[in-house]
file input.cif (mmCIF, C-alpha atoms)
data_model
loop_
_atom_site.group_PDB
_atom_site.id
_atom_site.type_symbol
_atom_site.label_atom_id
_atom_site.label_comp_id
_atom_site.auth_asym_id
_atom_site.auth_seq_id
_atom_site.Cartn_x
_atom_site.Cartn_y
_atom_site.Cartn_z
ATOM 1 C CA MET Y 1 50.417 -5.612 -28.850
ATOM 2 C CA SER Y 2 51.506 -7.877 -31.670
ATOM 3 C CA ARG Y 3 52.300 -7.595 -35.346
ATOM 4 C CA GLY Y 4 51.142 -10.035 -37.950
ATOM 5 C CA GLN Y 5 47.891 -11.733 -38.678
ATOM 6 C CA GLY Y 6 44.540 -10.995 -37.117
ATOM 7 C CA ARG Y 7 41.999 -8.232 -37.357
ATOM 8 C CA THR Y 8 41.291 -5.496 -34.834
ATOM 9 C CA ARG Y 9 39.950 -1.953 -34.745
ATOM 10 C CA ASN Y 10 42.925 -0.212 -33.141
ATOM 11 C CA TRP Y 11 46.419 -0.106 -34.623
ATOM 12 C CA ALA Y 12 49.667 1.773 -34.061
ATOM 13 C CA PHE Y 13 52.865 2.465 -35.950
ATOM 14 C CA ILE Y 14 55.944 4.683 -35.694
ATOM 15 C CA VAL Y 15 56.821 7.608 -37.963
ATOM 16 C CA TYR Y 16 60.380 8.961 -38.181
ATOM 17 C CA PRO Y 17 60.773 12.680 -39.018
ATOM 18 C CA GLU Y 18 63.831 11.937 -41.160
ATOM 19 C CA SER Y 19 61.926 9.672 -43.552
ATOM 20 C CA ALA Y 20 58.329 10.937 -43.399
ATOM 21 C CA PRO Y 21 56.931 13.017 -46.266
ATOM 22 C CA LEU Y 22 56.516 16.690 -45.346
ATOM 23 C CA ASN Y 23 52.730 16.363 -45.695
ATOM 24 C CA TRP Y 24 52.371 13.044 -43.844
ATOM 25 C CA GLU Y 25 49.920 14.443 -41.277
ATOM 26 C CA LYS Y 26 47.725 15.866 -44.043
ATOM 27 C CA LEU Y 27 47.772 12.483 -45.781
ATOM 28 C CA LEU Y 28 46.603 10.800 -42.587
ATOM 29 C CA ASP Y 29 43.932 13.440 -42.017
ATOM 30 C CA GLU Y 30 42.605 12.816 -45.526
ATOM 31 C CA THR Y 31 41.821 9.203 -44.581
ATOM 32 C CA HIS Y 32 39.247 10.610 -42.105
ATOM 33 C CA ILE Y 33 40.255 7.966 -39.582
ATOM 34 C CA PRO Y 34 40.531 9.260 -35.994
ATOM 35 C CA TRP Y 35 44.167 9.171 -34.894
ATOM 36 C CA VAL Y 36 46.514 10.513 -32.253
ATOM 37 C CA LYS Y 37 50.171 11.496 -32.428
ATOM 38 C CA SER Y 38 52.527 11.208 -29.467
ATOM 39 C CA PRO Y 39 54.911 13.991 -28.533
ATOM 40 C CA GLU Y 40 58.095 13.648 -30.548
ATOM 41 C CA HIS Y 41 60.127 10.962 -28.783
ATOM 42 C CA ASN Y 42 63.527 12.621 -29.044
ATOM 43 C CA MET Y 43 64.883 11.624 -25.614
ATOM 44 C CA ASP Y 44 64.450 7.832 -25.790
ATOM 45 C CA CYS Y 45 67.598 5.801 -25.133
ATOM 46 C CA ASP Y 46 68.509 2.258 -26.105
ATOM 47 C CA SER Y 47 69.960 -0.339 -23.706
ATOM 48 C CA ASN Y 48 73.444 1.218 -24.107
ATOM 49 C CA GLY Y 49 72.212 4.674 -23.118
ATOM 50 C CA GLU Y 50 72.476 5.991 -26.681
ATOM 51 C CA LEU Y 51 69.718 8.244 -27.998
ATOM 52 C CA LYS Y 52 67.332 6.514 -30.382
ATOM 53 C CA LYS Y 53 66.229 8.152 -33.611
ATOM 54 C CA PRO Y 54 63.490 10.744 -32.959
ATOM 55 C CA HIS Y 55 60.050 9.372 -33.761
ATOM 56 C CA TRP Y 56 56.316 9.693 -33.178
ATOM 57 C CA HIS Y 57 53.920 6.962 -32.128
ATOM 58 C CA ILE Y 58 50.688 7.033 -34.124
ATOM 59 C CA MET Y 59 47.508 5.274 -32.986
ATOM 60 C CA LEU Y 60 44.566 4.762 -35.383
ATOM 61 C CA PHE Y 61 40.942 4.042 -34.398
ATOM 62 C CA PHE Y 62 38.793 2.341 -37.030
ATOM 63 C CA ASP Y 63 35.016 1.862 -36.951
ATOM 64 C CA SER Y 64 35.424 -1.756 -38.013
ATOM 65 C CA VAL Y 65 38.169 -4.361 -37.769
ATOM 66 C CA LYS Y 66 41.105 -4.107 -40.168
ATOM 67 C CA ASP Y 67 43.863 -6.549 -40.973
ATOM 68 C CA TYR Y 68 47.599 -5.910 -41.096
ATOM 69 C CA ALA Y 69 47.708 -5.389 -44.880
ATOM 70 C CA GLN Y 70 44.971 -2.744 -44.772
ATOM 71 C CA VAL Y 71 46.754 -0.766 -42.053
ATOM 72 C CA LYS Y 72 50.148 -1.232 -43.730
ATOM 73 C CA GLU Y 73 48.815 0.712 -46.732
ATOM 74 C CA ILE Y 74 48.197 3.651 -44.392
ATOM 75 C CA SER Y 75 51.521 3.445 -42.569
ATOM 76 C CA ASP Y 76 53.287 3.212 -45.943
ATOM 77 C CA MET Y 77 51.801 6.589 -46.922
ATOM 78 C CA CYS Y 78 53.853 8.078 -44.068
ATOM 79 C CA ASN Y 79 56.901 5.868 -44.630
ATOM 80 C CA GLY Y 80 56.013 4.533 -41.197
ATOM 81 C CA ALA Y 81 57.229 1.367 -39.510
ATOM 82 C CA SER Y 82 55.227 -1.863 -39.589
ATOM 83 C CA PRO Y 83 51.841 -1.528 -37.862
ATOM 84 C CA GLU Y 84 51.123 -3.349 -34.627
ATOM 85 C CA LYS Y 85 47.790 -4.284 -33.107
ATOM 86 C CA VAL Y 86 46.740 -2.329 -30.030
ATOM 87 C CA ASN Y 87 45.153 -4.697 -27.553
ATOM 88 C CA VAL Y 88 44.431 -2.180 -24.777
ATOM 89 C CA VAL Y 89 43.914 1.375 -26.018
ATOM 90 C CA SER Y 90 44.240 3.030 -22.601
ATOM 91 C CA ALA Y 91 47.567 1.288 -21.945
ATOM 92 C CA TYR Y 92 49.000 2.221 -25.328
ATOM 93 C CA PHE Y 93 47.782 5.790 -24.904
ATOM 94 C CA ARG Y 94 49.696 6.001 -21.618
ATOM 95 C CA TYR Y 95 52.742 4.597 -23.416
ATOM 96 C CA LEU Y 96 52.675 7.598 -25.781
ATOM 97 C CA CYS Y 97 54.215 9.557 -22.888
ATOM 98 C CA HIS Y 98 55.777 6.639 -20.918
ATOM 99 C CA LEU Y 99 53.392 7.313 -18.026
ATOM 100 C CA ASP Y 100 53.838 3.783 -16.678
ATOM 101 C CA ASP Y 101 57.575 3.594 -17.379
ATOM 102 C CA PRO Y 102 59.275 5.828 -14.781
ATOM 103 C CA ASP Y 103 62.740 4.774 -15.987
ATOM 104 C CA LYS Y 104 62.020 6.214 -19.431
ATOM 105 C CA PHE Y 105 61.886 9.890 -20.339
ATOM 106 C CA GLN Y 106 58.490 11.349 -19.399
ATOM 107 C CA TYR Y 107 56.786 13.274 -22.200
ATOM 108 C CA SER Y 108 53.927 15.696 -21.585
ATOM 109 C CA VAL Y 109 50.349 14.505 -22.130
ATOM 110 C CA SER Y 110 49.481 18.045 -23.242
ATOM 111 C CA ASP Y 111 51.760 17.536 -26.273
ATOM 112 C CA ILE Y 112 49.667 14.663 -27.636
ATOM 113 C CA GLU Y 113 47.818 15.715 -30.793
ATOM 114 C CA TYR Y 114 44.314 14.530 -31.721
ATOM 115 C CA HIS Y 115 43.094 14.321 -35.303
ATOM 116 C CA CYS Y 116 39.878 13.550 -37.186
ATOM 117 C CA GLY Y 117 37.627 13.530 -34.130
ATOM 118 C CA ALA Y 118 39.817 11.539 -31.746
ATOM 119 C CA ASP Y 119 38.649 12.708 -28.320
ATOM 120 C CA PRO Y 120 41.123 13.137 -25.442
ATOM 121 C CA ALA Y 121 38.338 12.390 -22.949
ATOM 122 C CA ASP Y 122 38.236 8.825 -24.266
ATOM 123 C CA PHE Y 123 41.831 8.236 -23.184
ATOM 124 C CA LEU Y 124 42.475 10.403 -20.158
ATOM 125 C CA LYS Y 125 40.213 8.606 -17.710
ATOM 126 C CA PRO Y 126 42.131 8.026 -14.480
ATOM 127 C CA SER Y 127 42.784 4.547 -13.160
ATOM 128 C CA THR Y 128 41.026 3.465 -9.966
ATOM 129 C CA SER Y 129 44.075 4.285 -7.847
ATOM 130 C CA GLU Y 130 44.413 7.690 -9.560
ATOM 131 C CA ARG Y 131 40.723 8.404 -8.878
ATOM 132 C CA TYR Y 132 41.221 7.779 -5.166
ATOM 133 C CA GLN Y 133 44.383 9.866 -5.188
ATOM 134 C CA TYR Y 134 42.560 12.804 -6.842
ATOM 135 C CA ILE Y 135 39.618 12.526 -4.445
ATOM 136 C CA GLY Y 136 42.069 12.590 -1.539
ATOM 137 C CA GLU Y 137 43.775 15.653 -3.018
ATOM 138 C CA MET Y 138 40.411 17.381 -3.384
ATOM 139 C CA MET Y 139 39.448 16.615 0.215
ATOM 140 C CA SER Y 140 42.803 17.918 1.460
ATOM 141 C CA TYR Y 141 42.369 21.116 -0.538
ATOM 142 C CA ILE Y 142 38.825 21.603 0.811
ATOM 143 C CA ARG Y 143 39.999 21.062 4.385
ATOM 144 C CA ASP Y 144 43.150 23.205 4.089
ATOM 145 C CA ASN Y 145 41.335 26.102 2.420
ATOM 146 C CA ASP Y 146 38.129 26.008 4.487
ATOM 147 C CA ILE Y 147 35.928 25.456 1.453
ATOM 148 C CA ILE Y 148 32.290 25.420 2.533
ATOM 149 C CA GLU Y 149 30.482 25.907 -0.801
ATOM 150 C CA TYR Y 150 30.377 23.361 -3.609
ATOM 151 C CA SER Y 151 30.088 26.105 -6.236
ATOM 152 C CA ASP Y 152 33.344 27.727 -5.079
ATOM 153 C CA PHE Y 153 35.164 24.426 -5.278
ATOM 154 C CA SER Y 154 33.689 23.541 -8.680
ATOM 155 C CA LEU Y 155 34.843 26.829 -10.147
ATOM 156 C CA TYR Y 156 38.294 26.359 -8.636
ATOM 157 C CA CYS Y 157 38.534 22.902 -10.259
ATOM 158 C CA LEU Y 158 37.343 24.293 -13.585
ATOM 159 C CA GLU Y 159 40.013 27.000 -13.571
ATOM 160 C CA TYR Y 160 42.993 25.247 -11.992
ATOM 161 C CA HIS Y 161 42.451 21.465 -12.325
ATOM 162 C CA PHE Y 162 40.613 21.084 -15.612
ATOM 163 C CA ASP Y 163 42.573 17.988 -16.649
ATOM 164 C CA ASP Y 164 42.446 15.973 -13.442
ATOM 165 C CA TRP Y 165 39.983 17.004 -10.705
ATOM 166 C CA TYR Y 166 37.307 18.655 -12.847
ATOM 167 C CA PRO Y 167 36.392 15.647 -15.047
ATOM 168 C CA LEU Y 168 36.249 13.427 -11.985
ATOM 169 C CA LEU Y 169 34.097 15.943 -10.146
ATOM 170 C CA CYS Y 170 31.668 16.127 -13.069
ATOM 171 C CA ASP Y 171 31.537 12.429 -13.855
ATOM 172 C CA SER Y 172 31.704 10.367 -10.697
ATOM 173 C CA CYS Y 173 32.552 11.913 -7.342
ATOM 174 C CA THR Y 174 30.136 14.819 -6.995
ATOM 175 C CA TYR Y 175 28.205 13.137 -4.174
ATOM 176 C CA VAL Y 176 31.306 12.317 -2.111
ATOM 177 C CA ILE Y 177 32.797 15.787 -2.529
ATOM 178 C CA SER Y 178 29.537 17.680 -1.955
ATOM 179 C CA GLU Y 179 28.933 15.659 1.232
ATOM 180 C CA PHE Y 180 32.488 16.362 2.364
ATOM 181 C CA ILE Y 181 32.000 20.098 1.774
ATOM 182 C CA LYS Y 182 28.650 19.998 3.574
ATOM 183 C CA SER Y 183 30.282 18.249 6.524
ATOM 184 C CA ASN Y 184 33.099 20.800 6.512
ATOM 185 C CA ARG Y 185 30.528 23.613 6.559
ATOM 186 C CA HIS Y 186 28.617 22.068 9.487
ATOM 187 C CA ARG Y 187 31.815 21.417 11.424
ATOM 188 C CA LYS Y 188 32.852 25.054 11.047
ATOM 189 C CA ARG Y 189 29.450 26.339 12.171
ATOM 190 C CA LEU Y 190 29.108 24.038 15.168
ATOM 191 C CA PRO Y 191 31.342 26.045 17.579
ATOM 192 C CA GLU Y 192 29.405 29.227 16.685
ATOM 193 C CA GLU Y 193 26.114 27.483 17.398
ATOM 194 C CA VAL Y 194 27.439 26.244 20.753
ATOM 195 C CA GLU Y 195 28.571 29.760 21.693
ATOM 196 C CA ASN Y 196 25.212 31.261 20.712
ATOM 197 C CA GLY Y 197 23.205 28.443 22.264
#
call {"tool": "encode", "arguments": {"input": "input.cif", "output": "structure tokens"}}
result
Amino acid sequence: MSRGQGRTRNWAFIVYPESAPLNWEKLLDETHIPWVKSPEHNMDCDSNGELKKPHWHIMLFFDSVKDYAQVKEISDMCNGASPEKVNVVSAYFRYLCHLDDPDKFQYSVSDIEYHCGADPADFLKPSTSERYQYIGEMMSYIRDNDIIEYSDFSLYCLEYHFDDWYPLLCDSCTYVISEFIKSNRHRKRLPEEVENG
């Protein structure tokens, strides 16, 4: 992410509660540009271990490319810091909570706010390694709880794992999980069949 010249569709800047107008969120909403607000970063420390000023990270998503000056007009409405280009939206979104920085304070993804049609589903897609981790967790749950019906497992995911397992189940791993459940069901029935055979 870099400041300065160049045009891109996605931009970010920082807003400090101490200097932002009281209605800064309303002002941003009135631009009708989709945007997200990080949790308030009030536990960030500098290199000396001192707390930094509380702040929010704001990310804007334009339909067409914008230059620095155009975005600066918007950040100025909020008394925000200088805008910076966002090169990889998914990486910056994860930075909103320091998900890839274990040495920094970890903020909750559920505290991210979405405005003007910004859709959390666009940002919360798991990485490849996370997908495999979730699939492994699902298989372990199915095995440990003797799940033999896909519908039972789907409803469990809907109720208890809506943010991690459920989207994955709906979007990309239904076949693997349904086959695993089917295999689990057959494995459980096999001893009964042998006894009755």
call {"tool": "resolve_selection", "arguments": {"input": "input.cif", "expression": "the PyMOL selection byres ((chain Y and resi 72) around 10)", "output": "ChimeraX atom specification"}}
result
/Y:11,13,67-71,73-77,79-84
call {"tool": "resolve_selection", "arguments": {"input": "input.cif", "expression": "the PyMOL selection byres ((chain Y and resi 42-48) around 12)", "output": "PyMOL selection string"}}
result
chain Y and resi 16-17+38-41+49-57+96-98+101+103-107
call {"tool": "write_last_selection", "arguments": {"input": "input.cif", "atoms": "C-alpha atoms", "output": "short mmCIF file (atom, residue, chain, number, x, y, z; two decimals), in the frame of the given file"}}
result
data_model
loop_
_atom_site.label_atom_id
_atom_site.label_comp_id
_atom_site.auth_asym_id
_atom_site.auth_seq_id
_atom_site.Cartn_x
_atom_site.Cartn_y
_atom_site.Cartn_z
CA TYR Y 16 60.38 8.96 -38.18
CA PRO Y 17 60.77 12.68 -39.02
CA SER Y 38 52.53 11.21 -29.47
CA PRO Y 39 54.91 13.99 -28.53
CA GLU Y 40 58.10 13.65 -30.55
CA HIS Y 41 60.13 10.96 -28.78
CA GLY Y 49 72.21 4.67 -23.12
CA GLU Y 50 72.48 5.99 -26.68
CA LEU Y 51 69.72 8.24 -28.00
CA LYS Y 52 67.33 6.51 -30.38
CA LYS Y 53 66.23 8.15 -33.61
CA PRO Y 54 63.49 10.74 -32.96
CA HIS Y 55 60.05 9.37 -33.76
CA TRP Y 56 56.32 9.69 -33.18
CA HIS Y 57 53.92 6.96 -32.13
CA LEU Y 96 52.68 7.60 -25.78
CA CYS Y 97 54.22 9.56 -22.89
CA HIS Y 98 55.78 6.64 -20.92
CA ASP Y 101 57.58 3.59 -17.38
CA ASP Y 103 62.74 4.77 -15.99
CA LYS Y 104 62.02 6.21 -19.43
CA PHE Y 105 61.89 9.89 -20.34
CA GLN Y 106 58.49 11.35 -19.40
CA TYR Y 107 56.79 13.27 -22.20
#
call {"tool": "residues_around", "arguments": {"input": "input.cif", "residues": "range 132-134 of chain Y", "least_positions_apart": "3", "cutoff": "10 Å", "atoms": "only C-alpha atoms", "output": "list of chain:residue names"}}
result
Y:Pro126, Y:Ser127, Y:Thr128, Y:Ser129, Y:Glu137, Y:Met138, Y:Met139, Y:Ser140, Y:Asp164, Y:Trp165, Y:Tyr166, Y:Leu168, Y:Leu169, Y:Cys173
call {"tool": "closest_residue", "arguments": {"input": "input.cif", "among": "Y:Asp163, Y:His186, Y:Ser90, Y:Leu28", "to": "Ser110 in chain Y", "atoms": "only C-alpha atoms"}}
result
Y:Asp163
call {"tool": "residues_near_point", "arguments": {"input": "input.cif", "point": "(44.5, 5.6, -25.3)", "cutoff": "12 Å", "atoms": "only C-alpha atoms", "output": "PyMOL selection string"}}
result
chain Y and resi 10-12+34-38+57-61+86-97+99+109+112-114+118-126
call {"tool": "residues_around", "arguments": {"input": "input.cif", "residues": "Ile147 in chain Y", "least_positions_apart": "5", "cutoff": "12 Å", "atoms": "only C-alpha atoms", "output": "mmCIF file with C-alpha atoms, in the frame of the given file"}}
result
data_model
loop_
_atom_site.group_PDB
_atom_site.id
_atom_site.type_symbol
_atom_site.label_atom_id
_atom_site.label_comp_id
_atom_site.auth_asym_id
_atom_site.auth_seq_id
_atom_site.Cartn_x
_atom_site.Cartn_y
_atom_site.Cartn_z
ATOM 1 C CA MET Y 138 40.411 17.381 -3.384
ATOM 2 C CA MET Y 139 39.448 16.615 0.215
ATOM 3 C CA SER Y 140 42.803 17.918 1.460
ATOM 4 C CA TYR Y 141 42.369 21.116 -0.538
ATOM 5 C CA ILE Y 142 38.825 21.603 0.811
ATOM 6 C CA ASP Y 152 33.344 27.727 -5.079
ATOM 7 C CA PHE Y 153 35.164 24.426 -5.278
ATOM 8 C CA SER Y 154 33.689 23.541 -8.680
ATOM 9 C CA LEU Y 155 34.843 26.829 -10.147
ATOM 10 C CA TYR Y 156 38.294 26.359 -8.636
ATOM 11 C CA ILE Y 177 32.797 15.787 -2.529
ATOM 12 C CA SER Y 178 29.537 17.680 -1.955
ATOM 13 C CA PHE Y 180 32.488 16.362 2.364
ATOM 14 C CA ILE Y 181 32.000 20.098 1.774
ATOM 15 C CA LYS Y 182 28.650 19.998 3.574
ATOM 16 C CA SER Y 183 30.282 18.249 6.524
ATOM 17 C CA ASN Y 184 33.099 20.800 6.512
ATOM 18 C CA ARG Y 185 30.528 23.613 6.559
ATOM 19 C CA HIS Y 186 28.617 22.068 9.487
ATOM 20 C CA ARG Y 187 31.815 21.417 11.424
ATOM 21 C CA LYS Y 188 32.852 25.054 11.047
#
call {"tool": "atom_distance", "arguments": {"input": "input.cif", "atom1": "CA of Lys85 in chain Y", "atom2": "CA of Arg7 in chain Y"}}
result
8.2 Å
call {"tool": "atom_distance", "arguments": {"input": "input.cif", "atom1": "CA of Trp24 in chain Y", "atom2": "CA of Lys66 in chain Y"}}
result
20.8 Å
call {"tool": "atom_distance", "arguments": {"input": "input.cif", "atom1": "CA of Asp171 in chain Y", "atom2": "CA of Arg131 in chain Y"}}
result
11.2 Å
call {"tool": "axis_aligned_box", "arguments": {"input": "input.cif", "around": "range 167-185 of chain Y", "padding_each_side": "4 Å", "output": "lines of an AutoDock Vina configuration file"}}
result
center_x = 32.3
center_y = 17.0
center_z = -4.2
size_x = 16.2
size_y = 21.2
size_z = 29.6
call {"tool": "closest_residue", "arguments": {"input": "input.cif", "among": "Y:Ile135, Y:Asp29, Y:Val65, Y:Asp146", "to": "Gly117 in chain Y", "atoms": "only C-alpha atoms"}}
result
Y:Asp29
call {"tool": "build_atoms", "arguments": {"input": "input.cif", "residues": "range 97-125 of chain Y", "atoms": "N, CA and C atoms", "output": "mmCIF file, in the coordinates of the input"}}
result
data_model
loop_
_atom_site.group_PDB
_atom_site.id
_atom_site.type_symbol
_atom_site.label_atom_id
_atom_site.label_comp_id
_atom_site.auth_asym_id
_atom_site.auth_seq_id
_atom_site.Cartn_x
_atom_site.Cartn_y
_atom_site.Cartn_z
ATOM 1 N N CYS Y 97 53.408 8.642 -23.705
ATOM 2 C CA CYS Y 97 54.215 9.557 -22.888
ATOM 3 C C CYS Y 97 55.044 8.820 -21.840
ATOM 4 N N HIS Y 98 55.035 7.474 -21.887
ATOM 5 C CA HIS Y 98 55.777 6.639 -20.918
ATOM 6 C C HIS Y 98 55.250 6.821 -19.494
ATOM 7 N N LEU Y 99 53.949 7.036 -19.349
ATOM 8 C CA LEU Y 99 53.392 7.313 -18.026
ATOM 9 C C LEU Y 99 53.595 6.161 -17.055
ATOM 10 N N ASP Y 100 53.670 4.941 -17.560
ATOM 11 C CA ASP Y 100 53.838 3.783 -16.678
ATOM 12 C C ASP Y 100 55.254 3.236 -16.712
ATOM 13 N N ASP Y 101 56.170 4.007 -17.285
ATOM 14 C CA ASP Y 101 57.575 3.594 -17.379
ATOM 15 C C ASP Y 101 58.458 4.678 -16.768
ATOM 16 N N PRO Y 102 58.547 4.730 -15.436
ATOM 17 C CA PRO Y 102 59.275 5.828 -14.781
ATOM 18 C C PRO Y 102 60.756 5.884 -15.131
ATOM 19 N N ASP Y 103 61.323 4.770 -15.606
ATOM 20 C CA ASP Y 103 62.740 4.774 -15.987
ATOM 21 C C ASP Y 103 62.978 5.385 -17.358
ATOM 22 N N LYS Y 104 61.896 5.592 -18.118
ATOM 23 C CA LYS Y 104 62.020 6.214 -19.431
ATOM 24 C C LYS Y 104 61.716 7.706 -19.320
ATOM 25 N N PHE Y 105 62.157 8.457 -20.323
ATOM 26 C CA PHE Y 105 61.886 9.890 -20.339
ATOM 27 C C PHE Y 105 60.376 10.122 -20.343
ATOM 28 N N GLN Y 106 59.919 11.059 -19.516
ATOM 29 C CA GLN Y 106 58.490 11.349 -19.399
ATOM 30 C C GLN Y 106 58.120 12.523 -20.314
ATOM 31 N N TYR Y 107 57.267 12.238 -21.290
ATOM 32 C CA TYR Y 107 56.786 13.274 -22.200
ATOM 33 C C TYR Y 107 55.469 13.823 -21.670
ATOM 34 N N SER Y 108 55.121 15.023 -22.105
ATOM 35 C CA SER Y 108 53.927 15.696 -21.585
ATOM 36 C C SER Y 108 52.670 15.252 -22.324
ATOM 37 N N VAL Y 109 51.637 14.889 -21.546
ATOM 38 C CA VAL Y 109 50.349 14.505 -22.130
ATOM 39 C C VAL Y 109 49.761 15.659 -22.935
ATOM 40 N N SER Y 110 50.035 16.889 -22.525
ATOM 41 C CA SER Y 110 49.481 18.045 -23.242
ATOM 42 C C SER Y 110 50.073 18.195 -24.638
ATOM 43 N N ASP Y 111 51.154 17.471 -24.940
ATOM 44 C CA ASP Y 111 51.760 17.536 -26.273
ATOM 45 C C ASP Y 111 51.228 16.459 -27.218
ATOM 46 N N ILE Y 112 50.315 15.626 -26.749
ATOM 47 C CA ILE Y 112 49.667 14.663 -27.636
ATOM 48 C C ILE Y 112 48.718 15.429 -28.548
ATOM 49 N N GLU Y 113 48.703 15.065 -29.826
ATOM 50 C CA GLU Y 113 47.818 15.715 -30.793
ATOM 51 C C GLU Y 113 46.701 14.759 -31.196
ATOM 52 N N TYR Y 114 45.510 15.306 -31.399
ATOM 53 C CA TYR Y 114 44.314 14.530 -31.721
ATOM 54 C C TYR Y 114 43.796 14.974 -33.080
ATOM 55 N N HIS Y 115 43.512 14.010 -33.934
ATOM 56 C CA HIS Y 115 43.094 14.321 -35.303
ATOM 57 C C HIS Y 115 41.808 13.579 -35.658
ATOM 58 N N CYS Y 116 41.058 14.179 -36.570
ATOM 59 C CA CYS Y 116 39.878 13.550 -37.186
ATOM 60 C C CYS Y 116 38.855 13.071 -36.153
ATOM 61 N N GLY Y 117 38.668 13.846 -35.115
ATOM 62 C CA GLY Y 117 37.627 13.530 -34.130
ATOM 63 C C GLY Y 117 38.068 12.644 -32.988
ATOM 64 N N ALA Y 118 39.342 12.269 -32.925
ATOM 65 C CA ALA Y 118 39.817 11.539 -31.746
ATOM 66 C C ALA Y 118 39.636 12.432 -30.530
ATOM 67 N N ASP Y 119 39.036 11.907 -29.489
ATOM 68 C CA ASP Y 119 38.649 12.708 -28.320
ATOM 69 C C ASP Y 119 39.527 12.384 -27.126
ATOM 70 N N PRO Y 120 40.260 13.405 -26.596
ATOM 71 C CA PRO Y 120 41.123 13.137 -25.442
ATOM 72 C C PRO Y 120 40.376 12.545 -24.255
ATOM 73 N N ALA Y 121 39.103 12.894 -24.093
ATOM 74 C CA ALA Y 121 38.338 12.390 -22.949
ATOM 75 C C ALA Y 121 38.216 10.876 -22.977
ATOM 76 N N ASP Y 122 38.325 10.285 -24.166
ATOM 77 C CA ASP Y 122 38.236 8.825 -24.266
ATOM 78 C C ASP Y 122 39.460 8.128 -23.687
ATOM 79 N N PHE Y 123 40.575 8.866 -23.573
ATOM 80 C CA PHE Y 123 41.831 8.236 -23.184
ATOM 81 C C PHE Y 123 42.336 8.676 -21.822
ATOM 82 N N LEU Y 124 41.884 9.811 -21.352
ATOM 83 C CA LEU Y 124 42.475 10.403 -20.158
ATOM 84 C C LEU Y 124 41.753 10.041 -18.875
ATOM 85 N N LYS Y 125 40.910 9.019 -18.918
ATOM 86 C CA LYS Y 125 40.213 8.606 -17.710
ATOM 87 C C LYS Y 125 41.226 8.062 -16.709
#
